[in-house]
$ cat final29.txt   # compact mmCIF, C-alpha atoms
# COMPACT_ATOMS: atom_id res chain seq x y z
CA MET A 1 85.58 111.84 129.70
CA LEU A 2 89.32 112.16 129.44
CA HIS A 3 91.39 113.65 132.27
CA ASP A 4 92.48 117.25 131.78
CA PHE A 5 95.75 117.91 130.05
CA ALA A 6 97.47 120.83 128.38
CA TYR A 7 97.81 120.75 124.62
CA ALA A 8 100.22 122.19 122.10
CA ALA A 9 100.22 122.05 118.32
CA PRO A 10 103.66 123.29 117.32
CA THR A 11 104.48 123.95 113.69
CA ALA A 12 108.25 123.45 113.93
CA LYS A 13 110.31 120.50 115.14
CA ASP A 14 112.39 122.73 117.41
CA GLU A 15 109.25 123.65 119.34
CA VAL A 16 108.42 119.95 119.72
CA PHE A 17 111.90 119.27 121.07
CA SER A 18 111.83 122.13 123.56
CA LEU A 19 108.39 121.06 124.83
CA LEU A 20 109.67 117.50 125.26
CA ALA A 21 112.81 118.74 127.01
CA GLU A 22 110.64 120.78 129.38
CA HIS A 23 107.92 118.21 130.14
CA GLY A 24 109.82 114.93 129.75
CA THR A 25 107.81 111.85 130.69
CA ALA A 26 104.78 114.02 131.62
CA ALA A 27 104.32 114.72 127.89
CA ALA A 28 102.79 112.45 125.29
CA VAL A 29 103.30 112.85 121.58
CA LEU A 30 100.12 112.75 119.48
CA SER A 31 100.20 111.76 115.85
CA GLY A 32 97.29 109.57 114.70
CA GLY A 33 95.95 109.29 118.24
CA THR A 34 94.39 105.88 117.64
CA ASP A 35 96.50 104.31 120.39
CA LEU A 36 97.12 107.36 122.58
CA LEU A 37 93.47 108.33 123.03
CA VAL A 38 92.49 104.74 123.77
CA ASN A 39 95.26 104.56 126.38
CA ILE A 40 94.25 107.89 127.95
CA ARG A 41 90.62 106.83 128.08
CA SER A 42 91.49 103.56 129.80
CA GLY A 43 93.94 105.24 132.20
CA ILE A 44 97.02 103.44 130.85
CA ALA A 45 98.44 106.82 129.79
CA ARG A 46 97.99 109.91 131.92
CA PRO A 47 99.98 112.71 130.30
CA ASP A 48 99.86 116.26 131.68
CA TYR A 49 100.79 117.54 128.28
CA VAL A 50 99.82 116.37 124.79
CA ILE A 51 101.96 117.52 121.87
CA ASN A 52 100.29 117.20 118.48
CA LEU A 53 102.90 116.62 115.76
CA LYS A 54 100.55 117.07 112.81
CA GLY A 55 101.26 120.79 112.51
CA VAL A 56 104.90 120.05 111.59
CA SER A 57 104.62 119.68 107.83
CA GLU A 58 107.92 117.87 107.22
CA LEU A 59 106.79 115.04 109.50
CA ALA A 60 103.95 114.28 107.06
CA GLU A 61 106.37 113.61 104.20
CA LEU A 62 106.43 110.29 102.38
CA SER A 63 109.18 110.16 99.78
CA PHE A 64 111.35 107.76 97.84
CA ASP A 65 114.95 108.26 96.85
CA ALA A 66 116.89 105.69 94.79
CA GLY A 67 119.86 106.00 97.14
CA GLN A 68 118.30 106.17 100.56
CA GLY A 69 115.05 104.34 99.93
CA LEU A 70 111.61 105.07 101.32
CA SER A 71 111.23 107.71 104.01
CA ILE A 72 108.04 107.49 106.08
CA GLY A 73 107.54 110.59 108.25
CA ALA A 74 106.03 110.41 111.73
CA CYS A 75 102.62 111.67 110.60
CA VAL A 76 102.22 109.57 107.44
CA THR A 77 98.93 107.74 107.81
CA VAL A 78 98.30 104.16 106.76
CA THR A 79 95.88 105.47 104.13
CA LYS A 80 98.55 107.75 102.68
CA LEU A 81 101.03 104.87 102.45
CA LEU A 82 98.43 102.66 100.76
CA ALA A 83 97.63 105.35 98.18
CA ASP A 84 101.25 105.88 97.18
CA ALA A 85 102.06 104.49 93.72
CA THR A 86 105.79 104.12 94.46
CA VAL A 87 105.12 102.17 97.64
CA ARG A 88 102.66 99.92 95.80
CA GLN A 89 105.21 99.22 93.10
CA LYS A 90 108.36 98.83 95.19
CA TYR A 91 107.23 97.61 98.61
CA PRO A 92 104.29 95.22 98.06
CA LEU A 93 104.72 93.54 101.45
CA LEU A 94 104.11 96.88 103.21
CA VAL A 95 100.91 97.27 101.20
CA SER A 96 99.74 93.75 102.03
CA ALA A 97 100.12 94.38 105.77
CA ALA A 98 98.87 97.98 105.77
CA SER A 99 95.67 96.99 103.98
CA GLN A 100 94.96 94.47 106.77
CA LEU A 101 95.58 96.99 109.56
CA ALA A 102 92.38 97.89 111.45
CA THR A 103 89.55 99.63 109.59
CA HIS A 104 89.30 102.32 106.94
CA GLN A 105 88.46 104.98 109.55
CA LEU A 106 91.43 104.00 111.71
CA ARG A 107 93.77 103.79 108.70
CA ASN A 108 92.78 107.39 107.88
CA ARG A 109 94.23 108.50 111.23
CA ALA A 110 96.70 105.84 112.37
CA THR A 111 100.31 106.34 111.34
CA ILE A 112 102.97 103.83 110.28
CA VAL A 113 105.42 105.33 112.78
CA GLY A 114 102.80 105.14 115.54
CA ASN A 115 102.30 101.45 114.84
CA ILE A 116 106.02 100.87 115.44
CA VAL A 117 106.25 103.20 118.44
CA THR A 118 103.37 101.38 120.15
CA ALA A 119 105.64 98.33 119.86
CA SER A 120 102.88 95.82 120.33
CA PRO A 121 103.90 92.25 119.50
CA CYS A 122 100.89 92.22 117.13
CA GLY A 123 101.64 95.54 115.39
CA ASP A 124 100.88 94.86 111.75
CA MET A 125 103.69 96.98 110.28
CA SER A 126 106.56 95.59 112.37
CA SER A 127 107.04 92.25 110.60
CA PRO A 128 106.99 93.61 107.04
CA LEU A 129 109.30 96.47 107.97
CA LEU A 130 111.68 93.97 109.61
CA CYS A 131 111.70 91.95 106.37
CA TYR A 132 112.69 95.07 104.44
CA GLY A 133 115.51 95.91 106.90
CA ALA A 134 113.91 99.17 108.04
CA GLU A 135 115.66 101.68 110.26
CA VAL A 136 114.15 104.11 112.73
CA GLU A 137 115.38 107.71 112.91
CA LEU A 138 115.02 109.34 116.33
CA ALA A 139 115.40 113.07 116.82
CA SER A 140 115.73 115.49 119.72
CA ALA A 141 117.21 118.93 120.38
CA SER A 142 120.64 117.29 120.53
CA GLY A 143 120.44 115.71 117.07
CA THR A 144 119.37 112.54 115.37
CA ARG A 145 120.31 108.88 115.73
CA THR A 146 119.33 105.87 113.67
CA VAL A 147 118.67 102.39 115.00
CA ALA A 148 117.68 99.20 113.23
CA LEU A 149 114.05 98.28 113.83
CA GLN A 150 115.16 95.03 115.57
CA GLU A 151 116.99 97.11 118.15
CA PHE A 152 114.27 99.75 118.39
CA ILE A 153 111.60 97.45 119.87
CA THR A 154 112.98 95.91 123.06
CA GLY A 155 109.93 94.28 124.63
CA VAL A 156 106.14 94.33 124.88
CA LYS A 157 105.31 98.01 124.22
CA LYS A 158 108.91 98.95 125.01
CA THR A 159 111.27 100.85 122.74
CA VAL A 160 114.58 102.71 123.00
CA ILE A 161 112.89 106.14 122.66
CA ARG A 162 114.16 108.57 125.30
CA PRO A 163 111.72 111.02 126.91
CA GLU A 164 113.19 113.95 124.97
CA GLU A 165 113.02 112.17 121.60
CA ILE A 166 110.51 111.52 118.86
CA VAL A 167 110.70 109.04 116.01
CA GLN A 168 110.80 111.44 113.10
CA ARG A 169 110.75 108.84 110.34
CA ILE A 170 111.26 105.26 109.28
CA ILE A 171 113.72 104.59 106.49
CA VAL A 172 113.14 101.52 104.34
CA PRO A 173 116.25 100.80 102.27
CA THR A 174 116.16 99.79 98.59
CA THR A 175 117.98 96.50 99.32
CA TYR A 176 114.88 94.38 98.68
CA VAL A 177 113.07 96.53 96.12
CA GLY A 178 111.92 94.21 93.34
CA GLY A 179 111.14 91.44 95.78
CA SER A 180 107.66 90.13 96.31
CA GLY A 181 105.94 89.33 99.53
CA ASN A 182 102.78 88.71 101.43
CA TYR A 183 101.47 89.03 104.98
CA LEU A 184 99.09 86.57 106.60
CA LYS A 185 97.27 87.51 109.76
CA LEU A 186 95.07 85.31 111.92
CA LYS A 187 92.05 87.13 113.34
CA ARG A 188 89.26 85.88 115.58
CA ILE A 189 86.62 87.18 113.20
CA LYS A 190 86.33 87.88 109.48
CA GLY A 191 86.09 91.63 110.15
CA HIS A 192 88.79 93.84 111.63
CA ASP A 193 90.72 92.56 114.62
CA LEU A 194 94.14 92.57 116.21
CA GLY A 195 96.40 89.88 114.82
CA VAL A 196 96.29 86.72 116.93
CA VAL A 197 99.42 85.68 115.09
CA SER A 198 100.96 86.86 111.82
CA VAL A 199 103.73 85.97 109.38
CA ALA A 200 105.37 88.18 106.76
CA MET A 201 107.43 86.63 103.97
CA LEU A 202 109.59 88.51 101.48
CA THR A 203 111.38 86.82 98.61
CA TYR A 204 114.15 88.65 96.86
CA ALA A 205 116.50 87.16 94.25
CA THR A 206 118.13 84.24 96.07
CA LYS A 207 116.74 84.93 99.53
CA ILE A 208 113.66 84.43 101.65
CA ARG A 209 113.09 86.70 104.64
CA VAL A 210 110.51 85.85 107.28
CA ALA A 211 109.19 87.82 110.25
CA ILE A 212 106.59 86.75 112.80
CA GLY A 213 104.18 88.80 114.91
CA SER A 214 102.38 87.95 118.19
CA ALA A 215 104.54 84.91 118.87
CA ALA A 216 107.13 86.48 121.21
CA PRO A 217 107.48 89.68 123.32
CA THR A 218 108.71 91.48 120.19
CA PRO A 219 108.11 90.93 116.48
CA LEU A 220 110.75 88.44 115.31
CA LEU A 221 112.92 88.48 112.21
CA LEU A 222 114.31 85.04 111.40
CA SER A 223 117.73 84.74 109.86
CA GLU A 224 117.66 84.75 106.08
CA PHE A 225 116.92 81.57 104.12
CA PRO A 226 118.10 80.58 100.65
CA ILE A 227 115.35 80.77 98.02
CA ASP A 228 115.12 76.97 97.77
CA ALA A 229 114.69 76.48 101.53
CA SER A 230 112.05 73.89 102.35
CA ALA A 231 109.00 74.58 104.47
CA LYS A 232 110.48 72.15 106.99
CA THR A 233 113.65 74.23 107.35
CA ILE A 234 111.76 77.51 107.80
CA LYS A 235 109.26 75.99 110.22
CA GLN A 236 112.08 74.52 112.27
CA ALA A 237 113.78 77.92 112.52
CA ALA A 238 110.45 79.53 113.45
CA ARG A 239 109.76 76.92 116.13
CA ALA A 240 113.16 77.60 117.69
CA ALA A 241 112.68 81.38 117.65
CA ILE A 242 109.13 81.86 118.92
CA SER A 243 107.98 81.92 122.54
CA PRO A 244 104.20 82.33 122.27
CA ILE A 245 101.97 82.80 125.30
CA ASP A 246 98.41 81.92 126.24
CA ASP A 247 96.13 84.95 126.47
CA VAL A 248 92.48 85.89 126.13
CA ARG A 249 92.69 85.63 122.37
CA CYS A 250 94.54 82.37 121.81
CA THR A 251 96.54 79.53 123.32
CA LYS A 252 100.27 79.29 122.79
CA GLU A 253 99.86 75.93 121.09
CA TYR A 254 97.47 77.33 118.48
CA ARG A 255 99.75 80.30 117.86
CA ALA A 256 102.67 77.94 117.23
CA PHE A 257 100.49 75.80 114.98
CA MET A 258 99.31 78.77 112.89
CA VAL A 259 102.84 80.17 112.48
CA GLU A 260 103.74 76.91 110.74
CA GLU A 261 100.50 76.87 108.76
CA PHE A 262 101.15 80.40 107.50
CA ILE A 263 104.74 79.53 106.57
CA GLU A 264 103.43 76.62 104.48
CA ARG A 265 100.85 78.84 102.75
CA LEU A 266 103.27 81.69 102.07
CA LEU A 267 105.93 79.32 100.72
CA ALA A 268 103.35 77.67 98.46
CA GLU A 269 102.66 81.15 97.01
CA VAL A 270 106.37 81.65 96.39
CA HIS A 271 106.64 78.37 94.51
CA ALA A 272 103.33 78.78 92.65
CA MET B 1 90.14 125.93 127.15
CA ARG B 2 91.10 126.67 123.59
CA LYS B 3 89.24 128.43 120.81
CA ILE B 4 88.55 126.37 117.70
CA ARG B 5 86.90 127.30 114.42
CA LEU B 6 85.44 124.64 112.19
CA ARG B 7 82.76 123.96 109.65
CA ILE B 8 80.07 121.40 110.41
CA ASN B 9 77.58 120.44 107.70
CA GLY B 10 78.37 123.70 105.95
CA ASP B 11 77.92 125.98 108.97
CA LEU B 12 80.81 127.78 110.66
CA TYR B 13 81.26 127.35 114.41
CA GLU B 14 83.64 129.10 116.75
CA ARG B 15 83.77 127.63 120.25
CA ASP B 16 85.96 127.40 123.31
CA VAL B 17 86.61 123.78 124.09
CA ARG B 18 88.49 121.79 126.70
CA GLU B 19 91.73 120.39 125.31
CA SER B 20 90.80 116.94 126.58
CA LYS B 21 87.39 116.80 124.91
CA THR B 22 86.97 114.36 122.05
CA LEU B 23 85.44 115.51 118.79
CA LEU B 24 82.55 113.11 119.48
CA HIS B 25 81.71 114.73 122.83
CA PHE B 26 82.17 118.20 121.35
CA LEU B 27 79.63 117.43 118.62
CA ARG B 28 77.12 115.90 121.03
CA GLU B 29 77.51 118.09 124.11
CA ASP B 30 78.78 121.46 122.87
CA VAL B 31 77.14 121.67 119.45
CA GLY B 32 74.06 119.59 120.27
CA LEU B 33 74.43 117.29 117.26
CA THR B 34 73.47 114.03 118.97
CA GLY B 35 73.02 111.98 115.81
CA THR B 36 76.61 110.77 116.10
CA LYS B 37 76.74 108.00 118.70
CA GLU B 38 79.28 106.74 121.20
CA GLY B 39 79.51 102.97 121.14
CA CYS B 40 82.82 101.59 122.38
CA GLY B 41 84.78 104.85 122.63
CA ALA B 42 87.88 103.01 121.46
CA GLY B 43 87.75 102.88 117.67
CA GLU B 44 86.28 99.39 117.47
CA CYS B 45 82.61 99.88 116.59
CA GLY B 46 82.34 102.80 114.14
CA ALA B 47 79.17 104.28 115.70
CA CYS B 48 80.90 107.67 115.97
CA THR B 49 82.00 107.83 112.32
CA VAL B 50 81.94 111.32 110.79
CA PHE B 51 83.63 112.92 107.80
CA MET B 52 86.60 115.14 108.60
CA ASN B 53 88.13 116.94 105.61
CA GLY B 54 86.56 114.41 103.27
CA GLU B 55 87.76 111.28 105.09
CA THR B 56 85.86 109.18 107.59
CA VAL B 57 87.25 109.12 111.13
CA ASN B 58 86.22 107.65 114.47
CA SER B 59 85.31 110.90 116.23
CA CYS B 60 85.92 109.22 119.62
CA LEU B 61 89.63 109.05 118.73
CA VAL B 62 90.03 112.64 117.60
CA LEU B 63 90.40 115.55 120.00
CA ALA B 64 88.12 118.50 119.25
CA VAL B 65 91.21 120.74 119.21
CA GLU B 66 92.63 118.58 116.41
CA ALA B 67 89.59 119.51 114.33
CA ASP B 68 90.43 123.22 114.50
CA GLY B 69 90.06 124.47 110.91
CA ALA B 70 88.46 121.24 109.71
CA ASP B 71 85.43 120.67 107.54
CA LEU B 72 83.10 118.09 109.10
CA GLN B 73 80.04 116.27 107.97
CA THR B 74 77.77 114.37 110.33
CA ILE B 75 74.52 112.45 109.93
CA GLU B 76 72.60 115.69 110.48
CA GLY B 77 74.04 116.95 107.18
CA GLU B 78 72.74 113.92 105.33
CA THR B 79 69.12 115.03 105.30
CA ALA B 80 68.16 117.96 103.06
CA GLU B 81 66.85 121.18 104.62
CA ASP B 82 63.27 120.28 103.68
CA GLY B 83 63.66 117.06 105.68
CA SER B 84 63.89 114.74 102.69
CA LEU B 85 66.13 111.73 103.10
CA SER B 86 69.26 111.06 101.04
CA ALA B 87 69.30 108.13 98.64
CA VAL B 88 71.29 106.03 101.13
CA GLN B 89 68.87 106.86 103.95
CA GLN B 90 65.92 105.96 101.73
CA ALA B 91 67.52 102.63 100.82
CA PHE B 92 68.11 101.89 104.54
CA ALA B 93 64.44 102.62 105.20
CA ARG B 94 63.18 100.55 102.25
CA HIS B 95 65.22 97.52 103.33
CA HIS B 96 64.68 97.94 107.07
CA ALA B 97 68.46 98.12 107.46
CA VAL B 98 67.80 99.43 110.98
CA GLN B 99 66.51 97.88 114.15
CA CYS B 100 67.52 99.76 117.28
CA GLY B 101 69.10 102.45 115.08
CA PHE B 102 72.14 103.08 117.27
CA CYS B 103 74.71 102.10 114.63
CA THR B 104 72.80 103.70 111.75
CA PRO B 105 74.31 107.23 111.68
CA GLY B 106 77.86 105.83 111.65
CA MET B 107 76.89 103.10 109.22
CA ILE B 108 75.43 105.65 106.81
CA MET B 109 78.58 107.77 106.98
CA THR B 110 80.65 104.66 106.21
CA VAL B 111 78.40 103.62 103.31
CA LYS B 112 78.51 107.14 101.89
CA ASP B 113 82.32 107.08 102.04
CA LEU B 114 82.45 103.62 100.48
CA LEU B 115 80.26 104.75 97.58
CA GLN B 116 82.43 107.83 97.01
CA ARG B 117 85.45 105.57 96.66
CA LYS B 118 83.66 102.69 94.90
CA PRO B 119 80.42 103.77 93.20
CA LYS B 120 79.48 100.16 92.30
CA PRO B 121 80.86 97.91 95.04
CA THR B 122 80.35 94.17 94.73
CA ARG B 123 78.60 92.32 97.54
CA GLU B 124 82.05 91.26 98.84
CA GLU B 125 83.25 94.86 98.72
CA VAL B 126 80.18 96.05 100.62
CA ILE B 127 80.73 93.44 103.32
CA HIS B 128 84.41 94.38 103.56
CA GLY B 129 83.54 98.09 103.35
CA ILE B 130 81.26 98.05 106.39
CA GLU B 131 83.52 95.86 108.56
CA SER B 132 84.44 99.02 110.49
CA ASN B 133 80.90 99.38 111.83
CA PHE B 134 79.23 96.99 114.23
CA CYS B 135 75.51 96.31 114.07
CA ARG B 136 74.11 94.02 116.74
CA CYS B 137 70.55 93.85 115.37
CA THR B 138 70.30 93.31 111.65
CA GLY B 139 72.92 90.66 111.05
CA TYR B 140 74.10 93.08 108.32
CA GLN B 141 72.07 91.37 105.57
CA GLN B 142 69.56 94.20 105.12
CA ILE B 143 72.37 96.78 105.18
CA VAL B 144 74.19 94.96 102.38
CA GLU B 145 70.93 94.78 100.41
CA ALA B 146 70.28 98.49 100.93
CA VAL B 147 73.74 99.34 99.58
CA LEU B 148 73.33 97.06 96.58
CA ASP B 149 69.90 98.59 95.93
CA VAL B 150 71.05 102.20 96.10
CA THR B 151 73.78 101.38 93.58
CA GLY B 152 71.28 99.67 91.27
CA GLN B 153 72.75 96.23 91.79
CA LEU B 154 70.17 94.33 93.78
CA PRO B 155 69.22 91.14 91.94
CA ASP B 156 65.51 90.97 90.98
CA SER B 157 65.10 87.86 93.12
CA GLU B 158 65.96 89.90 96.23
CA LYS B 159 63.79 92.85 95.16
CA GLU B 160 60.80 90.50 94.93
CA GLY B 161 60.99 89.81 98.63
CA LEU B 162 60.61 93.51 99.38
CA LYS B 163 56.91 93.37 98.51
CA TYR B 164 56.28 91.18 101.52
CA VAL B 165 58.39 93.14 104.01

$ encode --input "final29.txt" --output "structure tokens"
Amino acid sequence: MLHDFAYAAPTAKDEVFSLLAEHGTAAAVLSGGTDLLVNIRSGIARPDYVINLKGVSELAELSFDAGQGLSIGACVTVTKLLADATVRQKYPLLVSAASQLATHQLRNRATIVGNIVTASPCGDMSSPLLCYGAEVELASASGTRTVALQEFITGVKKTVIRPEEIVQRIIVPTTYVGGSGNYLKLKRIKGHDLGVVSVAMLTYATKIRVAIGSAAPTPLLLSEFPIDASAKTIKQAARAAISPIDDVRCTKEYRAFMVEEFIERLLAEVHA
Amino acid sequence: MRKIRLRINGDLYERDVRESKTLLHFLREDVGLTGTKEGCGAGECGACTVFMNGETVNSCLVLAVEADGADLQTIEGETAEDGSLSAVQQAFARHHAVQCGFCTPGMIMTVKDLLQRKPKPTREEVIHGIESNFCRCTGYQQIVEAVLDVTGQLPDSEKEGLKYV
């Protein structure tokens, strides 16, 4: 049984903002709920007030604009992203990662924004979004502000969100549209699992962009490589950037080993 | 408490429910539909899978209040009013795709959803399609066979074995 809390399902953003202003850190924002309800059940989260965002229709919008790029609203589920023809055509690396995120049931509820807000080092959407240069748009009663995804996640499950704010959308610019990419994720089993370590690689024109998950307190974006960079060069840069730990799922040595293995495999795909 | 209205297996319900109650506990405790099971309670095992507005969800990770206005289908809706089993249920029975039976309601919801999206899944697609649901008894083999059988894809060599089961 979950502890008792009050619940609101506002239909306008202004109502969300005033509830957040009133309840502050005692409130939790509910979108997909696939992290929040697990955290409430285990006692990690103990909100007095739960604010369901799904009644605010504009937060469920997924749209593409040739100028601004892809806009992923707070309540866009992983399933909705995967079903979108524009996303499939223009942002293949997002599709590769999203299709490996959890299970079908969870993808039907879990949101892309929620995956970023949870800010887990193993969040499947962080690395691909970093490769695409995504930005996070925060909103509150006092307005909106935009921060780069690298600056948004500051540590293990830590972000720059203020108590009165929500992430209202992620913006993925068009800079790398036309590029191709893939996401490799190490799991303990063949079925669904959290990533033990993961690497996303995006190639665009003359550049290679690489991001790594579960190998540091935050997902890591390496600095850009030229298209003809060798595996040795990329692996060296990765080795210098990562700071993996031992935990119940893996040793730090094996994480470091698999980062390099994945870089080799992804680069072989690029050159194939 | 909050009043919710929803449709479950075609019937309309209007109930007062605690805000903190999960959809799973609402179904089991308030509505008395105990076919849906609680395994892990954390979205890992799929035992609590139900249809909500046409999509499968882990009902342990949905609040009952979030289902206000929703259309749900549970394992109880799978059997016809005269008690006859659905084609998927019959295939599970024929292949003994059940041992303790705890995962079966969720597994059947998942298989039903898979077949709606992919009417003729390959063996690989069936294996991938049921990865959301844990079964600790069967080793999954009989479940995969049941799905291939109900979609008319079970090789004759595997059907032969059925005679001796």

$ closest_residue --input "final29.txt" --among "A:Ala60, A:Ala85, A:Ala6, A:Ala211" --to "A:Pro47" --atoms "all atoms listed in the file"
A:Ala6

$ closest_atom_pairs --input "final29.txt" --of "chain B" --to "chain A" --cutoff "6 Å" --atoms "only C-alpha atoms" --output "tab-separated table"
residue	atom	partner	partner_atom	distance
B:Ser20	CA	A:Asp4	CA	5.5
B:Ala42	CA	A:Val38	CA	5.4
B:Thr56	CA	A:Gln105	CA	5.3
B:Val57	CA	A:Gln105	CA	4.6
B:Leu61	CA	A:Leu37	CA	5.8
B:Glu131	CA	A:Gly191	CA	5.2
B:Ser132	CA	A:Thr103	CA	5.2

$ write_last_selection --input "final29.txt" --atoms "C-alpha atoms" --output "mmCIF file, keeping the file's coordinate frame"
data_model
loop_
_atom_site.group_PDB
_atom_site.id
_atom_site.type_symbol
_atom_site.label_atom_id
_atom_site.label_comp_id
_atom_site.auth_asym_id
_atom_site.auth_seq_id
_atom_site.Cartn_x
_atom_site.Cartn_y
_atom_site.Cartn_z
ATOM 1 C CA SER B 20 90.800 116.940 126.580
ATOM 2 C CA ALA B 42 87.880 103.010 121.460
ATOM 3 C CA THR B 56 85.860 109.180 107.590
ATOM 4 C CA VAL B 57 87.250 109.120 111.130
ATOM 5 C CA LEU B 61 89.630 109.050 118.730
ATOM 6 C CA GLU B 131 83.520 95.860 108.560
ATOM 7 C CA SER B 132 84.440 99.020 110.490
#

$ residues_around --input "final29.txt" --residues "B:Thr34" --least-positions-apart "5" --cutoff "12 Å" --atoms "only C-alpha atoms" --output "VMD selection string"
chain B and resid 24 to 29 47 to 48 74 to 76 102 105 to 106

$ write_last_selection --input "final29.txt" --atoms "C-alpha atoms" --output "PDB file, keeping the file's coordinate frame"
ATOM      1  CA  LEU B  24      82.550 113.110 119.480  1.00  0.00           C
ATOM      2  CA  HIS B  25      81.710 114.730 122.830  1.00  0.00           C
ATOM      3  CA  PHE B  26      82.170 118.200 121.350  1.00  0.00           C
ATOM      4  CA  LEU B  27      79.630 117.430 118.620  1.00  0.00           C
ATOM      5  CA  ARG B  28      77.120 115.900 121.030  1.00  0.00           C
ATOM      6  CA  GLU B  29      77.510 118.090 124.110  1.00  0.00           C
ATOM      7  CA  ALA B  47      79.170 104.280 115.700  1.00  0.00           C
ATOM      8  CA  CYS B  48      80.900 107.670 115.970  1.00  0.00           C
ATOM      9  CA  THR B  74      77.770 114.370 110.330  1.00  0.00           C
ATOM     10  CA  ILE B  75      74.520 112.450 109.930  1.00  0.00           C
ATOM     11  CA  GLU B  76      72.600 115.690 110.480  1.00  0.00           C
ATOM     12  CA  PHE B 102      72.140 103.080 117.270  1.00  0.00           C
ATOM     13  CA  PRO B 105      74.310 107.230 111.680  1.00  0.00           C
ATOM     14  CA  GLY B 106      77.860 105.830 111.650  1.00  0.00           C
TER      15      GLY B 106
END

$ atom_distance --input "final29.txt" --atom1 "atom CA of A:Leu194" --atom2 "atom CA of A:Ile116"
14.5 Å

$ closest_residue --input "final29.txt" --among "A:Ile245, A:Leu202, A:Ile153, A:Ala240" --to "A:Pro219" --atoms "all atoms listed in the file"
A:Ile153

$ atom_distance --input "final29.txt" --atom1 "atom CA of B:Asn58" --atom2 "atom CA of A:Ala98"
18.1 Å

$ closest_residue --input "final29.txt" --among "B:Thr36, B:Glu19, B:Asp71, B:Asp113" --to "B:Arg5" --atoms "all atoms listed in the file"
B:Asp71

$ atom_distance --input "final29.txt" --atom1 "atom CA of A:Arg88" --atom2 "atom CA of A:Phe225"
24.7 Å
